[in-house]
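Colleague: Just dropping this structure here.
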Amino acid sequence: MDVEEWLLVSEERENAHTSIDAARGDGTAWSRGNTVRALVHGRDYFAELHERITALGAGDRFYFADWEGDPAQQLTDDPRSTLDNVLVAAVHRGVDVRGLLWRSHWHRLGFSAHRHRELGELIGAAGGQCLRDMRVRTRGAHHQKFVVIRHAEDASRDVAYVGGIDLCHGRRDDAKHQGDRQPVEMARAYGPTPAWHDVQVAIHGPAVHDVETTFRERWEDSTPLTLNPGRLLSSLVHREDLVPEPLGEQAPPPALRPEGREIVQIMRTFPVIYPKSFDFAPDGERSVMLGNTKAIAQADRLVYVEDQYLWSEEVGEHFANALREKPDLRLVVVLPMVPDREGVAVEVPQLYGRSLAMRTILEAGGDRVAFFGLTNESGLPIYVHSKTCIIDHRWVSVGSDNLNRRSWTSDSEIACAVLDDRGDLDDPAPRDSFPRTLLRTLVAEHLGCTADEVPEDPHDLFDALVSSADALDEWYAGGRGDRRTGVRGMLADRRPRRPVPVPQSLTGSIPGRALRRRRVAERAAAFAGAPRDQQRPPGRLRRLSPPELTAAQLRWAPRLYDLLFDPDGRPRPGEES
């Protein structure tokens, strides 16, 4: 098996300053002997995390990094199982709890800076440390979402979680997709409790050490948590902790698992930041982008993608090149039906970025490409937040990274690439391999069938997805063949009522807000329950088409898209770190 055909070698990270590959001694950029499990949906992930944290004792370590963290988010149905209660209780038992949260922007713009400070204060008062990190590019963010658990007495229980699920409101949904009872406010199309689709992976084995190294490199870096004078003043006023305390010596990697057959590579994005960049990545790191680019070159019959965005011509060309070179290749992409926020200034740039990628891909692949959105049984769209790519049942990536320039170059990201080490990579993957199992799990939910009923042949699977979406589209159209579908259909005869989104912190005072949200849910439920000539077809897939923008929108949307939504974080010629 030539793993180097699929995974990056250490030099291909293009970051000689990181120590992530040092533990293996020979510079190998991946580890063998791991077991990897998928946790599809936040409810399952949060329940397992709660069980793991409550079992920790004195001397154990709990490290986490997040884009957003809500102190009051429940991990189970027990109201006492809030994130702050669980972590504070762990500190009191002697667990070393450390966290890094993106400092975020002003909360009155809809961001979470104040909640992050609150969580840090609660953990700090108990004796742990949770810091707000603003070592990002201008308009950038720390987008990594991972947890590392190390045990003082039994390294075989060590585990790392990597994926798209933040420890915050809105994520604790399940396979029924009725949403989190602690919802986040989103576009009205998603209803009062938005349905949320996401994926996290649990890693056992030597790769836990690599995820921990990613945390330690950020924690121990000499670059101050913020150099912005305004933010420094705010921190001083609130007496905020800005100095990371030493972590202590890092334990060796956990031993190879006896049943471990997964090869795991941890990929990251770190931008060049000014005026002082990271010690461990002074020129940045773009191994997420480089790793995806290397793997897609091996694609032969099927690439399956779930992503929150899919933006830019560059991302479009990433897939278009493979489609041109491999005439037998099929591509499936599952995306959100509509943007998560309302307002022309938010919706149109997102649709512009999606249009760039979709049109580039369709020009290369034609009917070998299928774009889908998801709806629940009530007819409401499901917000696709997962960041997953599966290639030919062989290679899979799950992480925090989206398919856009921002994730590949500008924000901090982390992803876990997995190969099964059995057999030759040119042969069909074992039926119980992790990439194959994850693909069956995801497709079964979208088709409304059991995992055993998912077609094994990649082209049969592609055809099954297309047929399912066409049947559901036809049902919702009431048998009319001349219907509008996809994003275009969702937005037909609809215009944003506000030019820009109103922050969540202010929406509660808007007259009629609660009534409007209730009417959205009532209309969706009435439509789903209305008589039909036939029963609703199984599955949740709906077809998506490239968004169509007006000439006027195309005059301003590209500038806003490039500046705020999808910046390119690579240094420009002549720039120095």
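Here, A, B, ... name the chains of the structure tokens in the order displayed, residue numbers run from 1 inside each chain, and ligands are numbered from 1 in the same displayed order.
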Which residues are near Ala357 in chain A? Cut-off 10 Å, only C-alpha atoms, ignore same chain within fewer than 3 positions. Put them as a list in words.
Modeller: Tyr309, Leu310, Trp311, Ser312, Glu313, Glu314, Val315, Gly316, Glu317, His318, Phe319, Ala320, Tyr352, Gly353, Arg354, Thr360, Ile361, Leu362, Leu403, Asn404 and Pro546 of chain A
Colleague: Could those selected residues go to a file with N, CA, C and O atoms, as a CSV table (one decimal), in the first residue's frame?
Modeller:
```csv
chain,number,residue,atom,x,y,z
A,309,TYR,N,-20.6,25.5,2.8
A,309,TYR,CA,-20.5,26.6,1.9
A,309,TYR,C,-20.3,26.2,0.4
A,309,TYR,O,-21.1,26.3,-0.4
A,310,LEU,N,-19.1,25.7,0.1
A,310,LEU,CA,-18.7,25.4,-1.3
A,310,LEU,C,-18.7,26.7,-2.1
A,310,LEU,O,-19.6,27.0,-2.8
A,311,TRP,N,-17.6,27.5,-1.9
A,311,TRP,CA,-17.5,28.8,-2.5
A,311,TRP,C,-16.2,28.8,-3.4
A,311,TRP,O,-15.2,28.1,-3.1
A,312,SER,N,-16.2,29.7,-4.3
A,312,SER,CA,-15.0,30.2,-5.1
A,312,SER,C,-14.7,29.3,-6.3
A,312,SER,O,-15.0,28.1,-6.4
A,313,GLU,N,-14.2,30.0,-7.3
A,313,GLU,CA,-13.7,29.3,-8.6
A,313,GLU,C,-12.6,28.4,-8.2
A,313,GLU,O,-12.5,27.3,-8.9
A,314,GLU,N,-11.7,28.7,-7.3
A,314,GLU,CA,-10.6,27.9,-7.0
A,314,GLU,C,-11.1,26.5,-6.4
A,314,GLU,O,-10.6,25.5,-6.8
A,315,VAL,N,-12.1,26.5,-5.5
A,315,VAL,CA,-12.7,25.3,-5.0
A,315,VAL,C,-13.4,24.6,-6.2
A,315,VAL,O,-13.3,23.3,-6.3
A,316,GLY,N,-14.1,25.3,-7.0
A,316,GLY,CA,-14.7,24.7,-8.2
A,316,GLY,C,-13.7,23.9,-9.0
A,316,GLY,O,-13.9,22.8,-9.5
A,317,GLU,N,-12.6,24.6,-9.3
A,317,GLU,CA,-11.5,23.9,-10.1
A,317,GLU,C,-10.9,22.7,-9.4
A,317,GLU,O,-10.5,21.8,-10.1
A,318,HIS,N,-10.9,22.7,-8.1
A,318,HIS,CA,-10.4,21.6,-7.4
A,318,HIS,C,-11.2,20.3,-7.8
A,318,HIS,O,-10.5,19.2,-8.0
A,319,PHE,N,-12.5,20.4,-7.9
A,319,PHE,CA,-13.3,19.2,-8.3
A,319,PHE,C,-13.4,19.1,-9.9
A,319,PHE,O,-13.4,18.0,-10.4
A,320,ALA,N,-13.4,20.3,-10.5
A,320,ALA,CA,-13.5,20.2,-12.0
A,320,ALA,C,-12.4,19.5,-12.7
A,320,ALA,O,-12.5,18.8,-13.6
A,352,TYR,N,-23.4,34.2,-4.3
A,352,TYR,CA,-22.4,34.5,-5.4
A,352,TYR,C,-21.2,33.5,-5.3
A,352,TYR,O,-20.8,33.0,-6.3
A,353,GLY,N,-20.7,33.3,-4.1
A,353,GLY,CA,-19.6,32.4,-3.9
A,353,GLY,C,-20.0,31.0,-4.3
A,353,GLY,O,-19.2,30.2,-4.9
A,354,ARG,N,-21.2,30.6,-3.9
A,354,ARG,CA,-21.7,29.2,-4.3
A,354,ARG,C,-21.8,29.1,-5.8
A,354,ARG,O,-21.4,28.1,-6.4
A,360,THR,N,-18.5,26.3,-12.2
A,360,THR,CA,-17.3,25.7,-12.6
A,360,THR,C,-17.3,24.2,-12.6
A,360,THR,O,-16.8,23.5,-13.6
A,361,ILE,N,-17.9,23.6,-11.6
A,361,ILE,CA,-18.0,22.2,-11.5
A,361,ILE,C,-18.9,21.6,-12.6
A,361,ILE,O,-18.6,20.6,-13.2
A,362,LEU,N,-20.1,22.2,-12.7
A,362,LEU,CA,-21.0,21.7,-13.7
A,362,LEU,C,-20.5,21.8,-15.2
A,362,LEU,O,-20.8,20.9,-16.0
A,403,LEU,N,-15.2,24.2,2.3
A,403,LEU,CA,-14.6,24.2,1.0
A,403,LEU,C,-14.7,25.7,0.5
A,403,LEU,O,-15.6,26.0,-0.3
A,404,ASN,N,-13.8,26.5,1.0
A,404,ASN,CA,-13.7,27.9,0.5
A,404,ASN,C,-12.3,28.4,0.8
A,404,ASN,O,-11.5,27.7,1.5
A,546,PRO,N,-27.4,26.1,-9.5
A,546,PRO,CA,-26.6,27.3,-9.2
A,546,PRO,C,-27.5,28.6,-9.0
A,546,PRO,O,-28.4,28.8,-9.8
```
Colleague: Can you write out as CSV which residues of range 43-153 of chain A fall within 10 Å of range 243-267 of chain A, alongside each residue's closest atom pair and its distance in Å to one decimal, counting only C-alpha atoms and ordering rows by chain and ascending residue number?
Modeller:
```
residue,atom,partner,partner_atom,distance
A:Arg61,CA,A:Leu247,CA,9.5
A:Asp96,CA,A:Leu247,CA,8.7
A:Val97,CA,A:Leu247,CA,10.0
A:Arg98,CA,A:Leu247,CA,8.6
A:Gly99,CA,A:Pro244,CA,10.0
A:Leu100,CA,A:Pro244,CA,9.8
A:Gly128,CA,A:Glu245,CA,9.6
A:Gln129,CA,A:Pro244,CA,7.7
A:Cys130,CA,A:Pro244,CA,8.8
A:Leu131,CA,A:Pro244,CA,7.6
A:Arg150,CA,A:Ala251,CA,8.4
A:His151,CA,A:Ala251,CA,9.5
A:Ala152,CA,A:Ala251,CA,8.9
```
Colleague: Include all heavy atoms and write out the residues we just selected as a compact mmCIF listing (two decimals), in the first residue's frame.
Modeller:
```
# COMPACT_ATOMS: atom_id res chain seq x y z
N ARG A 61 -6.49 15.07 31.90
CA ARG A 61 -6.43 16.34 31.18
C ARG A 61 -7.58 16.45 30.18
O ARG A 61 -7.89 15.49 29.47
CB ARG A 61 -5.10 16.47 30.44
CG ARG A 61 -3.90 16.61 31.38
CD ARG A 61 -2.59 16.54 30.62
NE ARG A 61 -1.46 16.86 31.49
CZ ARG A 61 -0.19 16.79 31.12
NH1 ARG A 61 0.13 16.42 29.88
NH2 ARG A 61 0.77 17.10 31.96
N ASP A 96 -7.30 18.71 34.85
CA ASP A 96 -6.66 19.88 34.26
C ASP A 96 -7.47 20.31 33.03
O ASP A 96 -7.36 19.71 31.96
CB ASP A 96 -5.22 19.54 33.87
CG ASP A 96 -4.46 20.75 33.31
OD1 ASP A 96 -4.95 21.88 33.49
OD2 ASP A 96 -3.40 20.54 32.71
N VAL A 97 -8.31 21.33 33.18
CA VAL A 97 -9.18 21.79 32.11
C VAL A 97 -8.59 23.05 31.49
O VAL A 97 -8.35 24.04 32.20
CB VAL A 97 -10.61 22.08 32.64
CG1 VAL A 97 -11.47 22.71 31.54
CG2 VAL A 97 -11.25 20.80 33.15
N ARG A 98 -8.34 23.00 30.20
CA ARG A 98 -7.81 24.16 29.46
C ARG A 98 -8.62 24.34 28.18
O ARG A 98 -8.96 23.36 27.51
CB ARG A 98 -6.34 23.96 29.08
CG ARG A 98 -5.43 23.51 30.20
CD ARG A 98 -5.20 24.56 31.27
NE ARG A 98 -4.26 24.08 32.26
CZ ARG A 98 -2.99 24.47 32.32
NH1 ARG A 98 -2.52 25.34 31.44
NH2 ARG A 98 -2.20 23.99 33.26
N GLY A 99 -8.92 25.58 27.85
CA GLY A 99 -9.69 25.85 26.65
C GLY A 99 -9.17 27.06 25.90
O GLY A 99 -8.63 28.00 26.49
N LEU A 100 -9.33 27.04 24.58
CA LEU A 100 -9.03 28.17 23.71
C LEU A 100 -10.26 28.45 22.87
O LEU A 100 -10.70 27.61 22.09
CB LEU A 100 -7.83 27.86 22.80
CG LEU A 100 -6.44 27.89 23.42
CD1 LEU A 100 -5.41 27.34 22.45
CD2 LEU A 100 -6.06 29.31 23.86
N GLY A 128 -9.29 26.12 36.63
CA GLY A 128 -8.83 25.77 35.30
C GLY A 128 -8.48 27.03 34.52
O GLY A 128 -8.30 28.11 35.10
N GLN A 129 -8.39 26.93 33.22
CA GLN A 129 -8.08 28.10 32.41
C GLN A 129 -8.70 27.95 31.03
O GLN A 129 -8.48 26.96 30.33
CB GLN A 129 -6.56 28.28 32.28
CG GLN A 129 -6.14 29.71 32.08
CD GLN A 129 -4.64 29.91 32.08
OE1 GLN A 129 -3.87 28.97 31.89
NE2 GLN A 129 -4.20 31.15 32.29
N CYS A 130 -9.49 28.94 30.64
CA CYS A 130 -10.11 28.98 29.31
C CYS A 130 -9.94 30.40 28.79
O CYS A 130 -10.50 31.35 29.36
CB CYS A 130 -11.59 28.59 29.40
SG CYS A 130 -12.45 28.66 27.81
N LEU A 131 -9.16 30.55 27.73
CA LEU A 131 -8.73 31.86 27.26
C LEU A 131 -9.36 32.20 25.92
O LEU A 131 -9.63 31.33 25.10
CB LEU A 131 -7.21 31.88 27.12
CG LEU A 131 -6.42 31.47 28.37
CD1 LEU A 131 -4.94 31.47 28.07
CD2 LEU A 131 -6.74 32.39 29.54
N ARG A 150 -6.85 13.15 27.89
CA ARG A 150 -5.74 12.27 28.24
C ARG A 150 -5.91 11.82 29.69
O ARG A 150 -6.27 12.62 30.56
CB ARG A 150 -4.38 12.98 28.09
CG ARG A 150 -4.05 13.54 26.72
CD ARG A 150 -3.93 12.49 25.63
NE ARG A 150 -2.96 11.46 25.86
CZ ARG A 150 -1.70 11.47 25.39
NH1 ARG A 150 -1.28 12.50 24.68
NH2 ARG A 150 -0.89 10.46 25.62
N HIS A 151 -5.66 10.54 29.94
CA HIS A 151 -5.84 9.96 31.26
C HIS A 151 -4.48 9.69 31.92
O HIS A 151 -3.58 9.16 31.28
CB HIS A 151 -6.63 8.65 31.17
CG HIS A 151 -8.02 8.83 30.64
ND1 HIS A 151 -8.30 8.95 29.30
CD2 HIS A 151 -9.22 8.93 31.30
CE1 HIS A 151 -9.61 9.10 29.14
NE2 HIS A 151 -10.18 9.09 30.33
N ALA A 152 -4.38 10.06 33.18
CA ALA A 152 -3.12 9.93 33.90
C ALA A 152 -2.71 8.48 34.10
O ALA A 152 -1.52 8.15 34.09
CB ALA A 152 -3.22 10.64 35.26
```
Colleague: Find the residues around range 321-328 of chain A up to 9 Å (only C-alpha atoms counted), leave out those fewer than 5 positions away in its own chain, and share them as a list in words.
Modeller: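 Near neighbours after the sequence-gap exclusion: Ile296, Ala297, Gln298, Ala299, Asp300, Arg301, Leu302, Gly316, Ile361, Ala364, Gly365, Arg368, Val369 and His459 of chain A.
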Colleague: As a short mmCIF file (atom, residue, chain, number, x, y, z; two decimals) with all heavy atoms, in the first residue's frame, please: the residues near Glu445 in chain A (cut-off 12 Å, only C-alpha atoms, same-chain neighbours under 3 positions excluded).
Modeller:
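selection-v6.cif, freshly written:
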```
data_model
loop_
_atom_site.label_atom_id
_atom_site.label_comp_id
_atom_site.auth_asym_id
_atom_site.auth_seq_id
_atom_site.Cartn_x
_atom_site.Cartn_y
_atom_site.Cartn_z
N VAL A 40 -22.42 11.11 14.19
CA VAL A 40 -23.26 11.92 13.32
C VAL A 40 -24.38 12.50 14.17
O VAL A 40 -25.13 11.75 14.80
CB VAL A 40 -23.83 11.07 12.16
CG1 VAL A 40 -24.68 11.93 11.23
CG2 VAL A 40 -22.70 10.41 11.38
N HIS A 41 -24.45 13.81 14.23
CA HIS A 41 -25.41 14.59 15.00
C HIS A 41 -24.84 14.99 16.36
O HIS A 41 -24.17 14.21 17.04
CB HIS A 41 -26.74 13.86 15.22
CG HIS A 41 -27.30 13.28 13.96
ND1 HIS A 41 -27.51 14.03 12.83
CD2 HIS A 41 -27.67 12.01 13.65
CE1 HIS A 41 -27.99 13.26 11.88
NE2 HIS A 41 -28.09 12.04 12.34
N ASP A 174 -30.62 15.54 16.36
CA ASP A 174 -30.44 14.11 16.16
C ASP A 174 -30.97 13.72 14.79
O ASP A 174 -31.26 14.58 13.95
CB ASP A 174 -31.11 13.29 17.27
CG ASP A 174 -32.60 13.59 17.42
OD1 ASP A 174 -33.22 14.04 16.43
OD2 ASP A 174 -33.15 13.38 18.51
N ALA A 175 -31.11 12.42 14.55
CA ALA A 175 -31.50 11.93 13.22
C ALA A 175 -32.91 12.36 12.81
O ALA A 175 -33.22 12.38 11.62
CB ALA A 175 -31.38 10.40 13.18
N LYS A 176 -33.75 12.71 13.77
CA LYS A 176 -35.10 13.18 13.42
C LYS A 176 -35.08 14.60 12.87
O LYS A 176 -36.01 15.02 12.21
CB LYS A 176 -36.00 13.12 14.66
CG LYS A 176 -36.25 11.71 15.18
CD LYS A 176 -37.13 11.74 16.41
CE LYS A 176 -37.36 10.34 16.96
NZ LYS A 176 -38.19 10.36 18.20
N HIS A 177 -34.05 15.34 13.19
CA HIS A 177 -33.85 16.70 12.70
C HIS A 177 -35.03 17.62 13.00
O HIS A 177 -35.59 18.27 12.12
CB HIS A 177 -33.52 16.70 11.20
CG HIS A 177 -32.11 16.26 10.93
ND1 HIS A 177 -31.02 16.84 11.52
CD2 HIS A 177 -31.63 15.27 10.14
CE1 HIS A 177 -29.92 16.24 11.11
NE2 HIS A 177 -30.26 15.27 10.28
N HIS A 197 -27.46 19.44 10.75
CA HIS A 197 -26.77 18.20 10.37
C HIS A 197 -25.26 18.42 10.49
O HIS A 197 -24.72 19.36 9.90
CB HIS A 197 -27.12 17.80 8.94
CG HIS A 197 -26.39 16.59 8.44
ND1 HIS A 197 -26.67 15.31 8.88
CD2 HIS A 197 -25.36 16.46 7.55
CE1 HIS A 197 -25.86 14.45 8.27
NE2 HIS A 197 -25.06 15.13 7.47
N LEU A 374 -31.13 19.35 2.02
CA LEU A 374 -31.87 18.41 2.86
C LEU A 374 -33.08 19.11 3.49
O LEU A 374 -33.00 20.27 3.87
CB LEU A 374 -30.98 17.86 3.98
CG LEU A 374 -29.70 17.12 3.59
CD1 LEU A 374 -28.90 16.77 4.84
CD2 LEU A 374 -30.03 15.86 2.79
N THR A 375 -34.19 18.37 3.63
CA THR A 375 -35.37 18.86 4.35
C THR A 375 -35.82 17.80 5.34
O THR A 375 -35.65 16.60 5.11
CB THR A 375 -36.54 19.18 3.40
OG1 THR A 375 -36.84 18.02 2.61
CG2 THR A 375 -36.19 20.33 2.47
N ASN A 376 -36.41 18.24 6.45
CA ASN A 376 -36.93 17.27 7.42
C ASN A 376 -38.37 16.89 7.07
O ASN A 376 -38.93 17.33 6.05
CB ASN A 376 -36.81 17.80 8.85
CG ASN A 376 -37.64 19.05 9.09
OD1 ASN A 376 -38.52 19.41 8.31
ND2 ASN A 376 -37.37 19.74 10.20
N LEU A 438 -18.89 5.25 7.04
CA LEU A 438 -19.42 6.61 7.18
C LEU A 438 -20.29 6.97 5.98
O LEU A 438 -21.37 7.56 6.14
CB LEU A 438 -18.27 7.60 7.32
CG LEU A 438 -18.68 9.08 7.40
CD1 LEU A 438 -19.63 9.32 8.56
CD2 LEU A 438 -17.45 9.97 7.50
N LEU A 439 -19.85 6.61 4.78
CA LEU A 439 -20.65 6.91 3.59
C LEU A 439 -22.01 6.24 3.67
O LEU A 439 -23.04 6.88 3.39
CB LEU A 439 -19.90 6.46 2.34
CG LEU A 439 -20.62 6.70 1.01
CD1 LEU A 439 -20.83 8.18 0.77
CD2 LEU A 439 -19.85 6.07 -0.15
N ARG A 440 -22.05 4.97 4.06
CA ARG A 440 -23.34 4.27 4.18
C ARG A 440 -24.24 4.94 5.21
O ARG A 440 -25.44 5.08 5.01
CB ARG A 440 -23.11 2.80 4.56
CG ARG A 440 -22.81 1.88 3.41
CD ARG A 440 -23.06 0.43 3.78
NE ARG A 440 -22.31 0.04 4.95
CZ ARG A 440 -21.08 -0.49 4.93
NH1 ARG A 440 -20.47 -0.67 3.77
NH2 ARG A 440 -20.46 -0.83 6.03
N THR A 441 -23.64 5.35 6.33
CA THR A 441 -24.43 5.97 7.40
C THR A 441 -25.08 7.27 6.93
O THR A 441 -26.27 7.50 7.15
CB THR A 441 -23.52 6.25 8.62
OG1 THR A 441 -22.96 5.01 9.09
CG2 THR A 441 -24.31 6.90 9.74
N LEU A 442 -24.30 8.11 6.27
CA LEU A 442 -24.82 9.40 5.82
C LEU A 442 -25.86 9.22 4.72
O LEU A 442 -26.94 9.83 4.74
CB LEU A 442 -23.67 10.27 5.32
CG LEU A 442 -22.63 10.68 6.38
CD1 LEU A 442 -21.45 11.39 5.72
CD2 LEU A 442 -23.26 11.57 7.44
N GLY A 448 -33.45 7.70 3.55
CA GLY A 448 -34.54 7.17 4.35
C GLY A 448 -34.60 5.66 4.33
O GLY A 448 -35.68 5.07 4.30
N CYS A 449 -33.44 5.02 4.32
CA CYS A 449 -33.37 3.55 4.30
C CYS A 449 -32.38 3.08 5.34
O CYS A 449 -31.77 3.88 6.06
CB CYS A 449 -32.97 3.06 2.91
SG CYS A 449 -31.29 3.52 2.40
N THR A 450 -32.18 1.77 5.45
CA THR A 450 -31.17 1.24 6.35
C THR A 450 -29.81 1.26 5.67
O THR A 450 -29.71 1.33 4.43
CB THR A 450 -31.50 -0.20 6.75
OG1 THR A 450 -31.40 -1.06 5.60
CG2 THR A 450 -32.92 -0.30 7.33
N ALA A 451 -28.75 1.17 6.46
CA ALA A 451 -27.40 1.18 5.90
C ALA A 451 -27.18 0.00 4.97
O ALA A 451 -26.47 0.12 3.97
CB ALA A 451 -26.38 1.18 7.03
N ASP A 452 -27.81 -1.14 5.27
CA ASP A 452 -27.63 -2.32 4.42
C ASP A 452 -28.28 -2.15 3.05
O ASP A 452 -27.94 -2.86 2.11
CB ASP A 452 -28.23 -3.56 5.11
CG ASP A 452 -27.41 -3.99 6.32
OD1 ASP A 452 -26.21 -3.63 6.37
OD2 ASP A 452 -27.95 -4.67 7.19
N GLU A 453 -29.22 -1.22 2.95
CA GLU A 453 -29.91 -1.01 1.67
C GLU A 453 -29.20 0.00 0.76
O GLU A 453 -29.60 0.19 -0.38
CB GLU A 453 -31.34 -0.51 1.94
CG GLU A 453 -32.23 -1.55 2.61
CD GLU A 453 -33.58 -0.99 2.99
OE1 GLU A 453 -33.61 0.07 3.66
OE2 GLU A 453 -34.60 -1.59 2.63
N VAL A 454 -28.15 0.64 1.26
CA VAL A 454 -27.41 1.61 0.45
C VAL A 454 -26.61 0.87 -0.62
O VAL A 454 -25.88 -0.06 -0.31
CB VAL A 454 -26.47 2.45 1.32
CG1 VAL A 454 -25.58 3.36 0.46
CG2 VAL A 454 -27.27 3.29 2.32
N LEU A 465 -29.33 8.42 -5.24
CA LEU A 465 -29.47 9.75 -4.66
C LEU A 465 -30.25 10.68 -5.60
O LEU A 465 -31.14 11.42 -5.17
CB LEU A 465 -28.09 10.33 -4.35
CG LEU A 465 -27.30 9.63 -3.23
CD1 LEU A 465 -25.86 10.12 -3.22
CD2 LEU A 465 -27.94 9.88 -1.88
N SER A 468 -33.96 9.66 -5.71
CA SER A 468 -34.66 10.02 -4.48
C SER A 468 -34.99 11.51 -4.45
O SER A 468 -36.11 11.91 -4.11
CB SER A 468 -33.79 9.65 -3.27
OG SER A 468 -34.40 10.04 -2.06
N PRO A 538 -39.78 8.51 0.56
CA PRO A 538 -38.77 8.47 1.62
C PRO A 538 -37.59 9.38 1.27
O PRO A 538 -37.37 9.73 0.11
CB PRO A 538 -38.36 7.00 1.66
CG PRO A 538 -38.65 6.49 0.29
CD PRO A 538 -39.87 7.22 -0.17
N GLY A 539 -36.84 9.73 2.29
CA GLY A 539 -35.63 10.50 2.06
C GLY A 539 -35.81 11.98 2.33
O GLY A 539 -36.92 12.46 2.61
N ARG A 540 -34.70 12.71 2.24
CA ARG A 540 -34.69 14.13 2.58
C ARG A 540 -34.02 14.99 1.51
O ARG A 540 -33.85 16.18 1.70
CB ARG A 540 -33.94 14.32 3.90
CG ARG A 540 -34.71 13.73 5.08
CD ARG A 540 -33.90 13.76 6.34
NE ARG A 540 -34.73 13.41 7.48
CZ ARG A 540 -34.27 12.89 8.60
NH1 ARG A 540 -32.98 12.64 8.73
NH2 ARG A 540 -35.09 12.60 9.60
N LEU A 541 -33.61 14.39 0.43
CA LEU A 541 -32.81 15.10 -0.56
C LEU A 541 -33.67 15.96 -1.48
O LEU A 541 -34.72 15.53 -1.96
CB LEU A 541 -32.01 14.10 -1.41
CG LEU A 541 -30.94 13.30 -0.67
CD1 LEU A 541 -30.53 12.09 -1.48
CD2 LEU A 541 -29.73 14.19 -0.39
#
```
Colleague: Residues of range 330-432 of chain A in strand (DSSP E) according to DSSP, as a PyMOL selection string?
Modeller: chain A and resi 330-334+369-374+382-384+388-391+395-399+413-420
Colleague: Skipping near chain neighbours, those fewer than 2 positions away, what residues fall within 12 Å of Asn85 in chain A using only C-alpha atoms, listed as a VMD selection string?
Modeller: chain A and resid 50 53 to 54 70 to 75 78 to 83 87 to 92 119 122 to 123 126
Colleague: Store the residues of this selection in a file with C-alpha atoms, as a short mmCIF file (atom, residue, chain, number, x, y, z; two decimals), in the first residue's frame.
Modeller:
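Result went into out.cif, see below:
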```
data_model
loop_
_atom_site.label_atom_id
_atom_site.label_comp_id
_atom_site.auth_asym_id
_atom_site.auth_seq_id
_atom_site.Cartn_x
_atom_site.Cartn_y
_atom_site.Cartn_z
CA HIS A 50 -20.71 14.28 28.92
CA ILE A 53 -15.94 14.29 31.17
CA THR A 54 -17.87 13.06 34.20
CA ASP A 70 -22.01 28.52 25.23
CA PRO A 71 -21.74 28.09 29.02
CA ALA A 72 -25.44 27.21 29.27
CA GLN A 73 -25.48 24.60 26.49
CA GLN A 74 -26.83 21.29 27.84
CA LEU A 75 -24.88 18.17 26.96
CA ASP A 78 -30.60 16.94 32.29
CA PRO A 79 -30.80 20.73 32.88
CA ARG A 80 -27.80 20.42 35.20
CA SER A 81 -25.59 19.08 32.40
CA THR A 82 -24.60 22.50 31.07
CA LEU A 83 -21.13 22.94 29.66
CA LEU A 87 -16.32 21.55 33.23
CA VAL A 88 -16.28 23.36 36.58
CA ALA A 89 -17.15 20.09 38.35
CA ALA A 90 -14.27 18.40 36.50
CA VAL A 91 -11.84 21.08 37.70
CA HIS A 92 -13.03 20.53 41.28
CA LEU A 119 -17.12 30.62 30.25
CA LEU A 122 -16.27 30.36 35.41
CA ILE A 123 -13.57 27.83 34.56
CA ALA A 126 -12.68 27.01 39.68
#
```
Colleague: I need the residues of range 65-279 of chain A that end up classed as alpha helix (DSSP H) by DSSP on the backbone, written out as number ranges by chain.
Modeller: A: 83-92, 113-126, 207-220, 229-237
Colleague: In Å, how far is it from CA of Trp30 in chain A to CA of Ala417 in chain A?
Modeller: 9.2 Å
